[in-house]
Amino acid sequence: MNPEDQRLLESQSREKNWQRWGPYVSERQWGTVREDYSDGGDATWSYFPHDHARSRAYRWGEDGLLGISDRECRLCFSTALWNGRDPILKERLFGVTGPEGNHGEDVKECYYYLDSTPTHSYMRGLYKYPQSRYPYEALVDVGRQRDRTQGEYELVDSGAFEESRYFDMLVEYAKAGPDDILIRINVTNHGPQPAVLHLVPQFYFRNTWTWDCTDEGCTTRPSMRLVGDVVKTAHESLDQFWLACDGMGQPEQWSWLFTDNETNSTRHPGLPSESEYFKDAFHNFIVQGDTKAVNPKSQGTKCACYGLQLIAPGETKTLRLRMTHVGEPLIAERCGGETSRFVDAAFDASFDETFELRIQEADAFYDTRIPSVIPEQRRQIMRQAYAGLLWTKQFYHYVVNTWLDGDPNGPVGSEGRKNGRNSEWRHLFNRDVISMPDKWEYPWYAAWDLAFHMVPMSHLDPKFAKDQMILFLREWYMHPSGQIPAYEWQLGDVNPPVHAWGVWQVYKASGPPRQRDKVFLARAFQKLLLNFTWWVNRKDPRGRNIFSGGFLGLDNIGVFDRSKPLPRGHLEQADGTAWMAFYCGTMLRMAIELAEDSEAYGDMASKFFEHYVAIAEAMNSMDGTGLWEEEDGFYYDHLYVDGQSIPIRVRSLVGLLPLMTGVILEQEIIGRLPGFTRRMEWFLNSRDDLSNHMTYMEGEGPDCGAVTRRLLAIPSEDRFRRLLDVMLDESEFLSPYGIRSMSAVHRDEPFVFDFGGQLHQVHYVPGESESGMFGGNSNWRGPIWFPINFLLIQALKRYHAFYGDGFLVECPTGSGNKMNLMEVARELESRLIRLFETDADGVRPAHGSEKAYAEDPAWKDLILFYEYFNGDDGRGLGASHQTGWTALVASMIRSQANVPKHAPV
């Protein structure tokens, strides 16, 4: 067992708390719902904008550049910089908010997550900082001037990196012990001339004492104070830590600065503050030259080791820091508990030796997760995808009841606010480390994103993956009605019901068959029953097993805003109904698995089997009420109004999602469940017409002719083939880089629908949305999205397991090239992986036409994992660090290399 796996086991058994410290600090806390105390819920983010972030204390979290904290975000570390030209100290990432960007919110920085182990025993991240004045105003002004048909104005477009006039700040962390954190900051001048950099690494306590709140672990003011060359901390629930800096071997050029993490009451009168030294003191001291801004007594709740450096062209300078619990045996032994000896002991030869050892251990760990049979370029893609997935774990704190009512000493809202946003979720109490989609653009969890995150996460840290899936089913998360919280903007919105699927994927990765964690599966199954019942009761308005799921996470894919009620009638959703069949199928597989040990689950298996059949029958009904259109060979949403069911003939993923509903029942398994088998066969024998409404097929063994497996699927075999013809048609859904979210036939043939005299139009848009409809800044009218592609690929592999190599289709449609379904699945995987692979010119499609990523040695090995991708050319779009569900590329590479599902831990 390699050392990192050993640390995971020690953490899991609570023998050693190796995961207490990690990258849990957000990249953005300003401009979030949690920090918004406006009366109506401010969608413009003007209540707490970026301009306030340096001088106002946050209530619910912290942010910083490539920072770390403990799992409750009490003591934080991050690095600030100043190039001598910017109007502000660079302490956090900047970006445009929804009203400022022509395609909504977008981070305007260049930063990269390069490496991390699951326990964060080693981490590496890179930030690129221009030497010219940072173009804050231009990024906002140009974004506002551009319309939605134009691309976003990025930092690289501003000329900020011309002639390579920028600094690379490479931040590394290594753990000598669970509470002994070594920090190494390498700063490189890539410019042609010497350049000055003010480097300001900061330690700070999250402000939990100002608000007189009752839901924090610490309500008394903690402290930091300088004792000799060492900063000592005191905290009500964190014990004492020592903080030290070696000053690049030049201690005379470095000084400790102190202030308090408190709101600047002169800049923000009326907001609570308990100190005369404020959060923005280092900005005022360094940028404004105000020497009185910092505390001369060298104490406070925020400190920084500040140094001014002149760095020659091509030169790299290294700063080393250490944050150590006084009880850590290694450091305590070396300094004997004396601060006078701590600095020498902290930065002796073992400091760099520990880094080298942790790097070797990280490599050894990934050698077990990324086998050598995988080509080097794909290994690099996986390593960075995993790094992003691990770096985007974040401390997330949001107590809805407290947030609505306000703290005794906090911002005061109106009485009407108490009945506003999320007021039906007063039970929700979030104070956990959670996997985020993106720590800047999405510094909050999204329930359906999380299920996809945990697929690649289960390859790295199965325990964390299981804990995350269970967390969202706990009583302080799940609504009493059974609904799972969607996301902080609107907790009650409806995401696709993929949580059960995520649980099943994590369960399968928990070990080889018959050695998996059934306790985890049973715990999740019990709570998922509540959620399934909520779906059935709330989303089947006519009681016909045709579902109106609402938003369902696909933003603007439809004709109407699916988050809002229609003026008349209601929408019967092909995707909502397919999701519910998918949910049924997953619950059926879970129940069968659990029934091997408990007969009671056999009854639940029967329930989900019959419910699946009922949904399939309703969706395929030939009496005019189903969602299949025989003429087009496609499933559509239907508008049910005035007693009529009208098909909305948009060719989108909505009509392909029924493909993912296939379920295989292995006779070897269900044969051990005589009660379930008896009920299933009675049901099937009484339904001679079943084949008219769905696929139910029995596969026979090659020799004995006995039934070995059964297939359930919404589309019949004929309909399945017709859907594949459309999906694999390059003039429709099949892109060089995966399956588009909308058929390209709508490029020249927009769909137009007249509803009560008002025309609604949908057309294919391969990239960013060309309108702000339905409130989103993403686009499901053409681009490629990893989560749906992943589900469709999994479905094809299931169908192949049933039909075998003899079932052939054309891929691409019309090419004459015949493939079996496994070959089709692998072809789709290859197209998606190709987004991140370099071609003969060194170009990765995801990076578009940006030359630096193809030609510059300082950029070309850096990979961004975007939220979605242009349906024609593969260029990355949306959030640039969506290494949650886009990290699924690592699972696809594993699949192509035939790596077993279960992790070695």
# chains A, B, ... in the order shown; residues from 1 in each chain; ligands from 1
$ residues_around --residues "stretch 363-368 of chain A" --least-positions-apart "5" --cutoff "10 Å" --atoms "only C-alpha atoms" --output "PyMOL selection string"
chain A and resi 1-5+115+117-118+357-358+379+382-383+386+460+903-904
$ write_last_selection --atoms "C-alpha atoms" --output "JSON list (two decimals), in the first residue's frame"
[["chain", "number", "residue", "atom", "x", "y", "z"],
["A", 1, "MET", "CA", 0.00, 0.00, 0.00],
["A", 2, "ASN", "CA", 1.40, 3.41, -0.96],
["A", 3, "PRO", "CA", 1.67, 6.16, 1.71],
["A", 4, "GLU", "CA", -1.27, 8.18, 0.38],
["A", 5, "ASP", "CA", -3.59, 5.17, 0.55],
["A", 115, "ASP", "CA", -2.01, 18.58, -8.62],
["A", 117, "THR", "CA", -3.76, 14.06, -3.46],
["A", 118, "PRO", "CA", -7.09, 13.16, -1.83],
["A", 357, "LEU", "CA", 8.87, 12.95, -0.59],
["A", 358, "ARG", "CA", 5.23, 14.07, -0.89],
["A", 379, "ARG", "CA", -2.29, 10.59, -18.15],
["A", 382, "MET", "CA", -6.41, 12.77, -16.02],
["A", 383, "ARG", "CA", -3.95, 14.13, -13.47],
["A", 386, "TYR", "CA", -8.36, 14.97, -10.78],
["A", 460, "LEU", "CA", -9.64, 8.64, -5.73],
["A", 903, "ALA", "CA", -10.68, 1.70, -6.53],
["A", 904, "PRO", "CA", -7.83, -0.12, -4.79]]
$ residues_around --residues "A:Thr392" --least-positions-apart "5" --cutoff "8 Å" --atoms "only C-alpha atoms" --output "list in words"
Pro23, Tyr24, Ser435, Met436, Pro437, Asp438, Lys439, Thr883 and Gly884 of chain A
$ atom_distance --atom1 "atom CA of A:Tyr601" --atom2 "atom CA of A:Leu529"
11.8 Å
$ select_by_dssp --residues "stretch 36-255 of chain A" --states "helix (DSSP H, G or I)" --output "VMD selection string"
chain A and resid 50 to 53 136 to 145 155 to 158 162 to 164 247 to 249 251 to 253
$ residues_around --residues "A:Pro272" --least-positions-apart "2" --cutoff "8 Å" --atoms "only C-alpha atoms" --output "list in words"
Thr210, Trp211, Thr263, Ser265, Gly270, Glu274, Asn409, Gly410 and Pro411 of chain A
$ closest_residue --among "A:Arg474, A:Arg431, A:Lys279, A:Arg322" --to "A:Tyr396" --atoms "only C-alpha atoms"
A:Arg431
$ closest_residue --among "A:Gln644, A:Thr301, A:Thr188, A:Asn422" --to "A:His570" --atoms "only C-alpha atoms"
A:Gln644
$ select_by_dssp --residues "stretch 246-388 of chain A" --states "strand (DSSP E)" --output "ChimeraX atom specification"
/A:254-259,299-300,302-311,316-325
$ residues_around --residues "A:Tyr153" --least-positions-apart "4" --cutoff "9 Å" --atoms "only C-alpha atoms" --output "MDAnalysis selection string"
chainID A and resid 101:102 108 139:140 142:143 146 157:158
$ write_last_selection --atoms "C-alpha atoms" --output "PDB file, in the first residue's frame"
ATOM      1  CA  GLY A 101     -20.787  40.157 -18.857  1.00  0.00           C
ATOM      2  CA  ASN A 102     -22.353  39.684 -22.264  1.00  0.00           C
ATOM      3  CA  LYS A 108     -11.379  37.054 -15.566  1.00  0.00           C
ATOM      4  CA  LEU A 139     -13.111  43.918 -18.540  1.00  0.00           C
ATOM      5  CA  VAL A 140     -16.412  45.295 -17.259  1.00  0.00           C
ATOM      6  CA  VAL A 142     -16.161  45.881 -22.895  1.00  0.00           C
ATOM      7  CA  GLY A 143     -18.301  43.062 -21.509  1.00  0.00           C
ATOM      8  CA  ARG A 146     -20.664  43.487 -26.421  1.00  0.00           C
ATOM      9  CA  ASP A 157      -7.674  39.685 -24.949  1.00  0.00           C
ATOM     10  CA  SER A 158      -6.741  42.827 -23.013  1.00  0.00           C
TER      11      SER A 158
END
$ closest_residue --among "A:Gly543, A:Gly337, A:Gly602, A:Pro845" --to "A:Ala614" --atoms "only C-alpha atoms"
A:Gly543
